[in-house]
file model02.cif (mmCIF, C-alpha atoms and all ligand atoms; chains and numbers go by the auth columns)
data_my_file
#
loop_
_atom_site.group_PDB
_atom_site.id
_atom_site.type_symbol
_atom_site.label_atom_id
_atom_site.label_comp_id
_atom_site.label_asym_id
_atom_site.label_seq_id
_atom_site.Cartn_x
_atom_site.Cartn_y
_atom_site.Cartn_z
_atom_site.B_iso_or_equiv
_atom_site.auth_seq_id
_atom_site.auth_asym_id
ATOM 1 C CA MET A 1 0.000 0.000 0.000 0.00 17 A
ATOM 2 C CA THR A 2 1.388 3.386 -0.985 0.00 18 A
ATOM 3 C CA PRO A 3 1.728 5.641 2.070 0.00 19 A
ATOM 4 C CA THR A 4 0.620 9.256 2.004 0.00 20 A
ATOM 5 C CA ILE A 5 2.476 11.940 3.892 0.00 21 A
ATOM 6 C CA THR A 6 1.498 15.536 4.501 0.00 22 A
ATOM 7 C CA ALA A 7 3.691 18.534 3.813 0.00 23 A
ATOM 8 C CA PHE A 8 3.390 22.313 3.795 0.00 24 A
ATOM 9 C CA GLU A 9 1.422 23.659 0.856 0.00 25 A
ATOM 10 C CA ARG A 10 4.299 26.135 0.793 0.00 26 A
ATOM 11 C CA SER A 11 7.167 25.876 3.235 0.00 27 A
ATOM 12 C CA PRO A 12 8.289 29.134 4.870 0.00 28 A
ATOM 13 C CA ASP A 13 11.854 28.171 3.924 0.00 29 A
ATOM 14 C CA GLY A 14 11.053 28.450 0.209 0.00 30 A
ATOM 15 C CA GLY A 15 12.454 25.002 -0.575 0.00 31 A
ATOM 16 C CA LYS A 16 15.592 24.747 1.560 0.00 32 A
ATOM 17 C CA GLY A 17 14.353 21.367 2.726 0.00 33 A
ATOM 18 C CA LEU A 18 14.245 22.322 6.402 0.00 34 A
ATOM 19 C CA ALA A 19 10.606 21.442 7.021 0.00 35 A
ATOM 20 C CA ARG A 20 10.323 18.023 8.593 0.00 36 A
ATOM 21 C CA ASP A 21 8.611 16.272 5.702 0.00 37 A
ATOM 22 C CA THR A 22 12.083 16.147 4.082 0.00 38 A
ATOM 23 C CA ARG A 23 13.399 13.589 6.587 0.00 39 A
ATOM 24 C CA VAL A 24 10.370 11.362 6.010 0.00 40 A
ATOM 25 C CA ARG A 25 10.739 11.679 2.234 0.00 41 A
ATOM 26 C CA TRP A 26 14.433 10.832 2.664 0.00 42 A
ATOM 27 C CA ALA A 27 13.664 7.664 4.651 0.00 43 A
ATOM 28 C CA LEU A 28 11.114 6.560 2.046 0.00 44 A
ATOM 29 C CA GLU A 29 13.607 7.215 -0.740 0.00 45 A
ATOM 30 C CA GLU A 30 16.362 5.292 1.077 0.00 46 A
ATOM 31 C CA VAL A 31 14.204 2.172 1.238 0.00 47 A
ATOM 32 C CA GLY A 32 12.722 2.605 -2.239 0.00 48 A
ATOM 33 C CA GLN A 33 9.140 3.019 -1.052 0.00 49 A
ATOM 34 C CA PRO A 34 7.024 5.205 -3.370 0.00 50 A
ATOM 35 C CA TYR A 35 4.744 7.649 -1.566 0.00 51 A
ATOM 36 C CA GLU A 36 2.113 10.253 -2.139 0.00 52 A
ATOM 37 C CA VAL A 37 1.992 13.728 -0.679 0.00 53 A
ATOM 38 C CA ARG A 38 -1.023 15.714 0.451 0.00 54 A
ATOM 39 C CA LEU A 39 -0.216 19.388 0.766 0.00 55 A
ATOM 40 C CA VAL A 40 -1.856 21.293 3.596 0.00 56 A
ATOM 41 C CA SER A 41 -2.139 24.996 4.314 0.00 57 A
ATOM 42 C CA PHE A 42 -1.413 26.473 7.751 0.00 58 A
ATOM 43 C CA GLY A 43 -5.180 26.955 8.143 0.00 59 A
ATOM 44 C CA ALA A 44 -6.069 23.385 7.191 0.00 60 A
ATOM 45 C CA MET A 45 -3.507 22.046 9.701 0.00 61 A
ATOM 46 C CA LYS A 46 -5.642 23.420 12.520 0.00 62 A
ATOM 47 C CA GLU A 47 -8.936 22.024 11.152 0.00 63 A
ATOM 48 C CA PRO A 48 -10.562 18.908 12.641 0.00 64 A
ATOM 49 C CA ALA A 49 -9.698 16.665 9.679 0.00 65 A
ATOM 50 C CA HIS A 50 -5.968 17.248 10.110 0.00 66 A
ATOM 51 C CA LEU A 51 -6.122 17.405 13.911 0.00 67 A
ATOM 52 C CA ALA A 52 -7.553 13.884 13.823 0.00 68 A
ATOM 53 C CA LEU A 53 -4.240 12.821 12.259 0.00 69 A
ATOM 54 C CA HIS A 54 -1.968 15.151 14.189 0.00 70 A
ATOM 55 C CA PRO A 55 -3.059 16.347 17.637 0.00 71 A
ATOM 56 C CA PHE A 56 -0.725 19.357 17.468 0.00 72 A
ATOM 57 C CA GLY A 57 -1.883 20.465 14.024 0.00 73 A
ATOM 58 C CA GLN A 58 1.480 20.042 12.319 0.00 74 A
ATOM 59 C CA ILE A 59 3.137 18.320 9.394 0.00 75 A
ATOM 60 C CA PRO A 60 4.277 15.756 8.527 0.00 76 A
ATOM 61 C CA THR A 61 1.812 12.942 9.051 0.00 77 A
ATOM 62 C CA TYR A 62 1.967 9.448 7.591 0.00 78 A
ATOM 63 C CA GLU A 63 -0.995 7.332 6.507 0.00 79 A
ATOM 64 C CA GLU A 64 -0.780 3.768 5.338 0.00 80 A
ATOM 65 C CA GLY A 65 -4.045 1.831 5.149 0.00 81 A
ATOM 66 C CA ASP A 66 -5.695 2.220 8.526 0.00 82 A
ATOM 67 C CA LEU A 67 -2.467 3.316 10.222 0.00 83 A
ATOM 68 C CA ALA A 68 -1.974 7.034 10.857 0.00 84 A
ATOM 69 C CA LEU A 69 1.233 8.332 12.454 0.00 85 A
ATOM 70 C CA PHE A 70 2.659 11.685 13.446 0.00 86 A
ATOM 71 C CA GLU A 71 6.099 12.676 14.832 0.00 87 A
ATOM 72 C CA THR A 72 9.005 12.218 12.447 0.00 88 A
ATOM 73 C CA GLY A 73 10.864 10.007 14.918 0.00 89 A
ATOM 74 C CA ALA A 74 7.990 7.537 14.992 0.00 90 A
ATOM 75 C CA ILE A 75 7.445 7.754 11.244 0.00 91 A
ATOM 76 C CA VAL A 76 11.083 7.200 10.293 0.00 92 A
ATOM 77 C CA PHE A 77 11.333 4.373 12.831 0.00 93 A
ATOM 78 C CA HIS A 78 8.221 2.740 11.343 0.00 94 A
ATOM 79 C CA ILE A 79 9.675 2.971 7.836 0.00 95 A
ATOM 80 C CA ALA A 80 13.055 1.676 9.021 0.00 96 A
ATOM 81 C CA GLU A 81 11.491 -1.271 10.822 0.00 97 A
ATOM 82 C CA ARG A 82 9.433 -2.398 7.874 0.00 98 A
ATOM 83 C CA HIS A 83 12.035 -2.126 5.148 0.00 99 A
ATOM 84 C CA ALA A 84 15.627 -3.207 4.790 0.00 100 A
ATOM 85 C CA GLY A 85 18.338 -0.575 4.589 0.00 101 A
ATOM 86 C CA LEU A 86 17.962 1.799 7.517 0.00 102 A
ATOM 87 C CA LEU A 87 18.555 -0.424 10.545 0.00 103 A
ATOM 88 C CA PRO A 88 21.192 -3.143 10.965 0.00 104 A
ATOM 89 C CA ASP A 89 20.133 -6.779 11.375 0.00 105 A
ATOM 90 C CA ASP A 90 22.347 -7.351 14.402 0.00 106 A
ATOM 91 C CA ALA A 91 20.218 -6.678 17.505 0.00 107 A
ATOM 92 C CA ASN A 92 22.807 -4.623 19.384 0.00 108 A
ATOM 93 C CA ALA A 93 23.789 -2.559 16.343 0.00 109 A
ATOM 94 C CA ARG A 94 20.089 -1.975 15.699 0.00 110 A
ATOM 95 C CA ALA A 95 19.557 -0.766 19.271 0.00 111 A
ATOM 96 C CA ARG A 96 22.504 1.588 18.918 0.00 112 A
ATOM 97 C CA ALA A 97 21.182 3.012 15.632 0.00 113 A
ATOM 98 C CA ILE A 98 17.823 3.629 17.331 0.00 114 A
ATOM 99 C CA THR A 99 19.678 5.297 20.196 0.00 115 A
ATOM 100 C CA TRP A 100 21.181 7.756 17.699 0.00 116 A
ATOM 101 C CA MET A 101 17.701 8.540 16.384 0.00 117 A
ATOM 102 C CA PHE A 102 16.628 9.424 19.912 0.00 118 A
ATOM 103 C CA ALA A 103 19.864 11.351 20.500 0.00 119 A
ATOM 104 C CA ALA A 104 19.238 13.438 17.397 0.00 120 A
ATOM 105 C CA LEU A 105 15.690 14.261 18.468 0.00 121 A
ATOM 106 C CA ASN A 106 16.132 14.573 22.234 0.00 122 A
ATOM 107 C CA SER A 107 19.691 15.806 22.766 0.00 123 A
ATOM 108 C CA VAL A 108 20.668 17.702 19.614 0.00 124 A
ATOM 109 C CA GLU A 109 17.480 19.070 18.032 0.00 125 A
ATOM 110 C CA PRO A 110 16.272 20.939 21.178 0.00 126 A
ATOM 111 C CA VAL A 111 19.400 23.127 21.459 0.00 127 A
ATOM 112 C CA ILE A 112 19.226 23.887 17.738 0.00 128 A
ATOM 113 C CA LEU A 113 15.537 24.761 17.986 0.00 129 A
ATOM 114 C CA ASP A 114 16.236 27.028 20.938 0.00 130 A
ATOM 115 C CA LEU A 115 18.675 29.009 18.796 0.00 131 A
ATOM 116 C CA PHE A 116 16.021 29.274 16.081 0.00 132 A
ATOM 117 C CA THR A 117 13.528 30.439 18.712 0.00 133 A
ATOM 118 C CA VAL A 118 15.737 33.236 19.994 0.00 134 A
ATOM 119 C CA LYS A 119 16.877 34.369 16.528 0.00 135 A
ATOM 120 C CA VAL A 120 13.584 34.167 14.688 0.00 136 A
ATOM 121 C CA LEU A 121 10.564 33.778 16.960 0.00 137 A
ATOM 122 C CA GLU A 122 11.965 36.130 19.615 0.00 138 A
ATOM 123 C CA GLY A 123 14.033 38.179 17.170 0.00 139 A
ATOM 124 C CA ASP A 124 12.332 41.444 18.126 0.00 140 A
ATOM 125 C CA LYS A 125 12.379 40.867 21.897 0.00 141 A
ATOM 126 C CA PRO A 126 14.638 42.882 24.190 0.00 142 A
ATOM 127 C CA TRP A 127 16.303 39.753 25.599 0.00 143 A
ATOM 128 C CA ARG A 128 17.510 38.526 22.227 0.00 144 A
ATOM 129 C CA LYS A 129 20.941 40.189 22.502 0.00 145 A
ATOM 130 C CA GLU A 130 21.674 38.510 25.797 0.00 146 A
ATOM 131 C CA ARG A 131 20.083 35.165 25.057 0.00 147 A
ATOM 132 C CA GLN A 132 21.474 34.513 21.572 0.00 148 A
ATOM 133 C CA PRO A 133 25.135 34.001 22.602 0.00 149 A
ATOM 134 C CA LEU A 134 23.995 31.635 25.344 0.00 150 A
ATOM 135 C CA ALA A 135 21.909 29.633 22.897 0.00 151 A
ATOM 136 C CA GLU A 136 24.814 29.579 20.416 0.00 152 A
ATOM 137 C CA ASP A 137 27.173 28.289 23.088 0.00 153 A
ATOM 138 C CA ARG A 138 24.754 25.507 23.983 0.00 154 A
ATOM 139 C CA VAL A 139 24.702 24.472 20.322 0.00 155 A
ATOM 140 C CA ARG A 140 28.520 24.658 20.176 0.00 156 A
ATOM 141 C CA ASN A 141 28.832 22.566 23.279 0.00 157 A
ATOM 142 C CA ARG A 142 26.512 19.840 21.999 0.00 158 A
ATOM 143 C CA LEU A 143 28.052 19.828 18.519 0.00 159 A
ATOM 144 C CA GLY A 144 31.505 19.646 20.102 0.00 160 A
ATOM 145 C CA GLN A 145 30.476 16.512 21.967 0.00 161 A
ATOM 146 C CA LEU A 146 28.971 14.994 18.829 0.00 162 A
ATOM 147 C CA SER A 147 32.048 15.920 16.817 0.00 163 A
ATOM 148 C CA ALA A 148 34.291 14.209 19.364 0.00 164 A
ATOM 149 C CA ARG A 149 32.225 11.036 19.154 0.00 165 A
ATOM 150 C CA LEU A 150 32.082 10.994 15.337 0.00 166 A
ATOM 151 C CA GLY A 151 35.824 11.533 15.018 0.00 167 A
ATOM 152 C CA ASP A 152 36.949 10.612 11.522 0.00 168 A
ATOM 153 C CA ALA A 153 34.235 8.009 10.942 0.00 169 A
ATOM 154 C CA ASP A 154 31.839 8.381 8.036 0.00 170 A
ATOM 155 C CA TRP A 155 28.746 7.588 10.090 0.00 171 A
ATOM 156 C CA LEU A 156 27.899 7.458 13.777 0.00 172 A
ATOM 157 C CA ASP A 157 27.985 3.685 14.235 0.00 173 A
ATOM 158 C CA GLY A 158 29.174 1.598 11.305 0.00 174 A
ATOM 159 C CA ALA A 159 27.072 1.773 8.150 0.00 175 A
ATOM 160 C CA PHE A 160 24.643 4.606 7.401 0.00 176 A
ATOM 161 C CA SER A 161 21.458 4.122 9.427 0.00 177 A
ATOM 162 C CA ALA A 162 18.218 5.818 10.426 0.00 178 A
ATOM 163 C CA GLY A 163 20.278 7.323 13.258 0.00 179 A
ATOM 164 C CA ASP A 164 22.445 9.165 10.728 0.00 180 A
ATOM 165 C CA LEU A 165 19.419 10.133 8.660 0.00 181 A
ATOM 166 C CA MET A 166 17.873 11.774 11.690 0.00 182 A
ATOM 167 C CA MET A 167 21.111 13.360 12.932 0.00 183 A
ATOM 168 C CA VAL A 168 21.976 14.854 9.530 0.00 184 A
ATOM 169 C CA SER A 169 18.395 16.134 9.188 0.00 185 A
ATOM 170 C CA VAL A 170 18.654 17.855 12.566 0.00 186 A
ATOM 171 C CA LEU A 171 22.109 19.320 11.848 0.00 187 A
ATOM 172 C CA LEU A 172 20.961 20.777 8.529 0.00 188 A
ATOM 173 C CA ARG A 173 18.911 23.259 10.515 0.00 189 A
ATOM 174 C CA VAL A 174 22.067 24.819 11.996 0.00 190 A
ATOM 175 C CA LYS A 175 24.079 24.952 8.776 0.00 191 A
ATOM 176 C CA ALA A 176 23.114 28.530 7.893 0.00 192 A
ATOM 177 C CA SER A 177 24.273 29.829 11.304 0.00 193 A
ATOM 178 C CA GLY A 178 27.900 28.991 10.459 0.00 194 A
ATOM 179 C CA ILE A 179 28.304 27.009 13.693 0.00 195 A
ATOM 180 C CA LEU A 180 28.337 23.683 11.853 0.00 196 A
ATOM 181 C CA ASP A 181 31.465 24.792 9.954 0.00 197 A
ATOM 182 C CA GLU A 182 33.290 25.229 13.265 0.00 198 A
ATOM 183 C CA PHE A 183 33.304 21.418 13.340 0.00 199 A
ATOM 184 C CA PRO A 184 34.767 20.285 10.001 0.00 200 A
ATOM 185 C CA ASN A 185 34.058 16.598 10.617 0.00 201 A
ATOM 186 C CA LEU A 186 30.383 17.371 11.291 0.00 202 A
ATOM 187 C CA ALA A 187 30.173 19.626 8.240 0.00 203 A
ATOM 188 C CA ALA A 188 31.633 16.775 6.155 0.00 204 A
ATOM 189 C CA TYR A 189 29.216 14.313 7.805 0.00 205 A
ATOM 190 C CA VAL A 190 26.241 16.473 6.833 0.00 206 A
ATOM 191 C CA ALA A 191 27.634 16.878 3.308 0.00 207 A
ATOM 192 C CA ARG A 192 27.914 13.063 3.032 0.00 208 A
ATOM 193 C CA GLY A 193 24.263 12.777 4.022 0.00 209 A
ATOM 194 C CA GLU A 194 23.207 15.440 1.543 0.00 210 A
ATOM 195 C CA ALA A 195 25.181 13.705 -1.219 0.00 211 A
ATOM 196 C CA ARG A 196 23.209 10.483 -0.876 0.00 212 A
ATOM 197 C CA PRO A 197 21.015 9.940 -3.948 0.00 213 A
ATOM 198 C CA ALA A 198 17.985 9.284 -1.720 0.00 214 A
ATOM 199 C CA TYR A 199 18.467 12.647 0.020 0.00 215 A
ATOM 200 C CA GLN A 200 18.867 14.354 -3.344 0.00 216 A
ATOM 201 C CA ARG A 201 15.557 12.886 -4.542 0.00 217 A
ATOM 202 C CA ALA A 202 13.798 13.899 -1.325 0.00 218 A
ATOM 203 C CA PHE A 203 15.217 17.412 -1.532 0.00 219 A
ATOM 204 C CA ALA A 204 14.219 17.785 -5.179 0.00 220 A
ATOM 205 C CA ALA A 205 10.681 16.593 -4.471 0.00 221 A
ATOM 206 C CA GLN A 206 10.090 19.202 -1.755 0.00 222 A
ATOM 207 C CA LEU A 207 11.831 21.884 -3.830 0.00 223 A
ATOM 208 C CA ALA A 208 9.489 21.231 -6.743 0.00 224 A
ATOM 209 C CA ILE A 209 6.603 22.252 -4.484 0.00 225 A
ATOM 210 C CA ASN A 210 8.163 25.007 -2.440 0.00 226 A
ATOM 211 C CA ALA A 211 10.105 26.858 -5.097 0.00 227 A
ATOM 212 C CA ALA A 212 7.313 26.811 -7.688 0.00 228 A
ATOM 213 C CA PRO A 213 5.886 30.239 -8.498 0.00 229 A
ATOM 214 C CA ALA A 214 2.741 30.936 -6.429 0.00 230 A
ATOM 215 C CA SER A 215 -0.404 30.321 -8.477 0.00 231 A
HETATM 216 N N1 LIG B . 8.225 16.959 16.689 0.00 301 A
HETATM 217 C C1 LIG B . 7.500 17.091 15.460 0.00 301 A
HETATM 218 C C2 LIG B . 8.038 16.103 14.433 0.00 301 A
HETATM 219 O O1 LIG B . 9.232 15.780 14.488 0.00 301 A
HETATM 220 O O2 LIG B . 7.266 15.632 13.576 0.00 301 A
HETATM 221 C C3 LIG B . 7.578 18.531 15.002 0.00 301 A
HETATM 222 C C4 LIG B . 6.708 18.787 13.790 0.00 301 A
HETATM 223 C C5 LIG B . 6.810 20.247 13.368 0.00 301 A
HETATM 224 O O3 LIG B . 7.460 21.080 14.037 0.00 301 A
HETATM 225 N N2 LIG B . 6.183 20.584 12.237 0.00 301 A
HETATM 226 C C6 LIG B . 6.235 21.937 11.735 0.00 301 A
HETATM 227 C C7 LIG B . 4.809 22.482 11.579 0.00 301 A
HETATM 228 O O4 LIG B . 3.929 21.802 11.143 0.00 301 A
HETATM 229 C C8 LIG B . 6.871 21.939 10.357 0.00 301 A
HETATM 230 S S1 LIG B . 8.570 21.444 10.434 0.00 301 A
HETATM 231 N N3 LIG B . 4.635 23.769 11.913 0.00 301 A
HETATM 232 C C9 LIG B . 3.387 24.420 11.715 0.00 301 A
HETATM 233 C C10 LIG B . 2.690 24.720 12.999 0.00 301 A
HETATM 234 O O5 LIG B . 3.143 24.281 14.071 0.00 301 A
HETATM 235 O O6 LIG B . 1.663 25.406 12.917 0.00 301 A
HETATM 236 C C11 LIG B . 9.283 22.890 11.310 0.00 301 A
HETATM 237 C C12 LIG B . 9.853 23.877 10.358 0.00 301 A
HETATM 238 C C13 LIG B . 9.055 24.843 9.806 0.00 301 A
HETATM 239 C C14 LIG B . 9.633 25.781 8.970 0.00 301 A
HETATM 240 C C15 LIG B . 10.989 25.746 8.707 0.00 301 A
HETATM 241 N N4 LIG B . 11.586 26.702 7.874 0.00 301 A
HETATM 242 O O7 LIG B . 10.886 27.485 7.225 0.00 301 A
HETATM 243 O O8 LIG B . 12.821 26.790 7.808 0.00 301 A
HETATM 244 C C16 LIG B . 11.768 24.745 9.245 0.00 301 A
HETATM 245 C C17 LIG B . 11.184 23.798 10.076 0.00 301 A
#

call {"tool": "encode", "arguments": {"input": "model02.cif", "output": "structure tokens", "more": "lines below"}}
Ligand code: GTB
result
Amino acid sequence: MTPTITAFERSPDGGKGLARDTRVRWALEEVGQPYEVRLVSFGAMKEPAHLALHPFGQIPTYEEGDLALFETGAIVFHIAERHAGLLPDDANARARAITWMFAALNSVEPVILDLFTVKVLEGDKPWRKERQPLAEDRVRNRLGQLSARLGDADWLDGAFSAGDLMMVSVLLRVKASGILDEFPNLAAYVARGEARPAYQRAFAAQLAINAAPAS
């Protein structure tokens, strides 16, 4: 059964691939699973039909037969569990790859989102000047720890896994700040992720929607 995901009718990033449907598209592309996309407006996301799929009125969602999922961690995990290619067969290696998925979402993404919050959502607030360097240092600290663990390896734990897919997706959000480039091995890690043909297809698919002239 072909799954259907939801994505922004038009992403605020204009096609930079930063909205979270990209990571789901990437996972589907990695495993060779075709999918359909239903585009939703900001208004429609808060309507009952979408809220029935996503209690917080967000994208992406994932529907497959009578299964409906939200949260990219759960969606990517579901895809990775049901197809070969994103999780190792060995039980311990599999558990470690899943750990990296959680690490990306619980230990790395929050500090990156906090920086986005202070720079963009609180950009006009009087506390921005004081808070931004603190938020940047928290990102630096976490990326420093991740950089130390990655070392000169290509991926976080052996072969590319759903853990790397999630970590690269999270790190992409901090690329424009310049902080990622302070850690050359992490910048190269992200570039390796972006160079994967499956990522390229996912990126192109969201770009085709988000960079198209408004009708
Ligand atoms: N924890 C959830 C998950 O991982 O699925 C978070 C989902 C989420 O934040 N969805 C966002 C959303 O629907 C889109 S991705 N927001 C609309 C709303 O809450 O009303 C976040 C996002 C949005 C825009 C950019 N951008 O323009 O750069 C980047 C990321």

call {"tool": "residues_around", "arguments": {"input": "model02.cif", "residues": "segment 185-187 of chain A", "least_positions_apart": "5", "cutoff": "12 Å", "atoms": "all atoms listed in the file", "output": "ChimeraX atom specification"}}
result
/A:32-43,88-89,92,116-129,155-156,158-159,162-163,178-180,192-197,199,202-210,215,218-219

call {"tool": "write_last_selection", "arguments": {"input": "model02.cif", "atoms": "C-alpha atoms", "output": "compact mmCIF listing (two decimals), in the coordinates of the input"}}
result
# COMPACT_ATOMS: atom_id res chain seq x y z
CA LYS A 32 15.59 24.75 1.56
CA GLY A 33 14.35 21.37 2.73
CA LEU A 34 14.24 22.32 6.40
CA ALA A 35 10.61 21.44 7.02
CA ARG A 36 10.32 18.02 8.59
CA ASP A 37 8.61 16.27 5.70
CA THR A 38 12.08 16.15 4.08
CA ARG A 39 13.40 13.59 6.59
CA VAL A 40 10.37 11.36 6.01
CA ARG A 41 10.74 11.68 2.23
CA TRP A 42 14.43 10.83 2.66
CA ALA A 43 13.66 7.66 4.65
CA THR A 88 9.01 12.22 12.45
CA GLY A 89 10.86 10.01 14.92
CA VAL A 92 11.08 7.20 10.29
CA TRP A 116 21.18 7.76 17.70
CA MET A 117 17.70 8.54 16.38
CA PHE A 118 16.63 9.42 19.91
CA ALA A 119 19.86 11.35 20.50
CA ALA A 120 19.24 13.44 17.40
CA LEU A 121 15.69 14.26 18.47
CA ASN A 122 16.13 14.57 22.23
CA SER A 123 19.69 15.81 22.77
CA VAL A 124 20.67 17.70 19.61
CA GLU A 125 17.48 19.07 18.03
CA PRO A 126 16.27 20.94 21.18
CA VAL A 127 19.40 23.13 21.46
CA ILE A 128 19.23 23.89 17.74
CA LEU A 129 15.54 24.76 17.99
CA VAL A 155 24.70 24.47 20.32
CA ARG A 156 28.52 24.66 20.18
CA ARG A 158 26.51 19.84 22.00
CA LEU A 159 28.05 19.83 18.52
CA LEU A 162 28.97 14.99 18.83
CA SER A 163 32.05 15.92 16.82
CA ALA A 178 18.22 5.82 10.43
CA GLY A 179 20.28 7.32 13.26
CA ASP A 180 22.44 9.16 10.73
CA ALA A 192 23.11 28.53 7.89
CA SER A 193 24.27 29.83 11.30
CA GLY A 194 27.90 28.99 10.46
CA ILE A 195 28.30 27.01 13.69
CA LEU A 196 28.34 23.68 11.85
CA ASP A 197 31.46 24.79 9.95
CA PHE A 199 33.30 21.42 13.34
CA LEU A 202 30.38 17.37 11.29
CA ALA A 203 30.17 19.63 8.24
CA ALA A 204 31.63 16.77 6.16
CA TYR A 205 29.22 14.31 7.80
CA VAL A 206 26.24 16.47 6.83
CA ALA A 207 27.63 16.88 3.31
CA ARG A 208 27.91 13.06 3.03
CA GLY A 209 24.26 12.78 4.02
CA GLU A 210 23.21 15.44 1.54
CA TYR A 215 18.47 12.65 0.02
CA ALA A 218 13.80 13.90 -1.32
CA PHE A 219 15.22 17.41 -1.53

call {"tool": "closest_residue", "arguments": {"input": "model02.cif", "among": "A:Glu80, A:Leu102, A:Met61, A:Ala107", "to": "Thr18 of chain A", "atoms": "only C-alpha atoms"}}
result
A:Glu80

call {"tool": "closest_residue", "arguments": {"input": "model02.cif", "among": "A:Lys145, A:Arg165, A:Ser177, A:Leu67", "to": "Arg112 of chain A", "atoms": "all atoms listed in the file"}}
result
A:Ser177

call {"tool": "atom_distance", "arguments": {"input": "model02.cif", "atom1": "atom CA of Phe176 of chain A", "atom2": "atom CA of Asn201 of chain A"}}
result
15.6 Å

call {"tool": "atom_distance", "arguments": {"input": "model02.cif", "atom1": "atom CA of Arg217 of chain A", "atom2": "atom CA of Glu45 of chain A"}}
result
7.1 Å

call {"tool": "closest_residue", "arguments": {"input": "model02.cif", "among": "A:Leu223, A:Lys62, A:Gly81, A:Gln74", "to": "Thr20 of chain A", "atoms": "only C-alpha atoms"}}
result
A:Gly81

call {"tool": "resolve_selection", "arguments": {"input": "model02.cif", "expression": "the PyMOL selection byres (((chain A and resi 58) around 10) and not hetatm)", "output": "PDB file with C-alpha atoms, keeping the file's coordinate frame"}}
result
ATOM      1  CA  PHE A  24       3.390  22.313   3.795  1.00  0.00           C
ATOM      2  CA  GLU A  25       1.422  23.659   0.856  1.00  0.00           C
ATOM      3  CA  ARG A  26       4.299  26.135   0.793  1.00  0.00           C
ATOM      4  CA  SER A  27       7.167  25.876   3.235  1.00  0.00           C
ATOM      5  CA  VAL A  56      -1.856  21.293   3.596  1.00  0.00           C
ATOM      6  CA  SER A  57      -2.139  24.996   4.314  1.00  0.00           C
ATOM      7  CA  GLY A  59      -5.180  26.955   8.143  1.00  0.00           C
ATOM      8  CA  ALA A  60      -6.069  23.385   7.191  1.00  0.00           C
ATOM      9  CA  MET A  61      -3.507  22.046   9.701  1.00  0.00           C
ATOM     10  CA  LYS A  62      -5.642  23.420  12.520  1.00  0.00           C
ATOM     11  CA  GLU A  63      -8.936  22.024  11.152  1.00  0.00           C
ATOM     12  CA  GLY A  73      -1.883  20.465  14.024  1.00  0.00           C
ATOM     13  CA  GLN A  74       1.480  20.042  12.319  1.00  0.00           C
ATOM     14  CA  ILE A  75       3.137  18.320   9.394  1.00  0.00           C
TER      15      ILE A  75
END

call {"tool": "atom_distance", "arguments": {"input": "model02.cif", "atom1": "atom C11 of ligand LIG 301 (chain A)", "atom2": "atom CA of Leu131 of chain A"}}
result
13.5 Å

call {"tool": "axis_aligned_box", "arguments": {"input": "model02.cif", "around": "ligand LIG 301 (chain A)", "padding_each_side": "6 Å", "output": "AutoDock Vina command-line options"}}
result
--center_x 7.2 --center_y 21.6 --center_z 12.0 --size_x 23.2 --size_y 23.9 --size_z 21.5

call {"tool": "residues_around", "arguments": {"input": "model02.cif", "residues": "Thr22 of chain A", "least_positions_apart": "5", "cutoff": "6 Å", "atoms": "only C-alpha atoms", "output": "JSON, numbers by chain"}}
result
{"A": [53, 54, 55, 75, 76, 77]}

call {"tool": "write_last_selection", "arguments": {"input": "model02.cif", "atoms": "C-alpha atoms", "output": "short mmCIF file (atom, residue, chain, number, x, y, z; two decimals), keeping the file's coordinate frame"}}
result
data_model
loop_
_atom_site.label_atom_id
_atom_site.label_comp_id
_atom_site.auth_asym_id
_atom_site.auth_seq_id
_atom_site.Cartn_x
_atom_site.Cartn_y
_atom_site.Cartn_z
CA VAL A 53 1.99 13.73 -0.68
CA ARG A 54 -1.02 15.71 0.45
CA LEU A 55 -0.22 19.39 0.77
CA ILE A 75 3.14 18.32 9.39
CA PRO A 76 4.28 15.76 8.53
CA THR A 77 1.81 12.94 9.05
#

call {"tool": "resolve_selection", "arguments": {"input": "model02.cif", "expression": "the PyMOL selection byres (((chain A and resi 69) around 9) and not hetatm)", "output": "PyMOL selection string"}}
result
chain A and resi 64-68+70-71+73+77-79+84-86

call {"tool": "closest_residue", "arguments": {"input": "model02.cif", "among": "A:Asp153, A:Glu46, A:Glu87, A:Glu52", "to": "ligand LIG 301 (chain A)", "atoms": "only C-alpha atoms and all ligand atoms"}}
result
A:Glu87
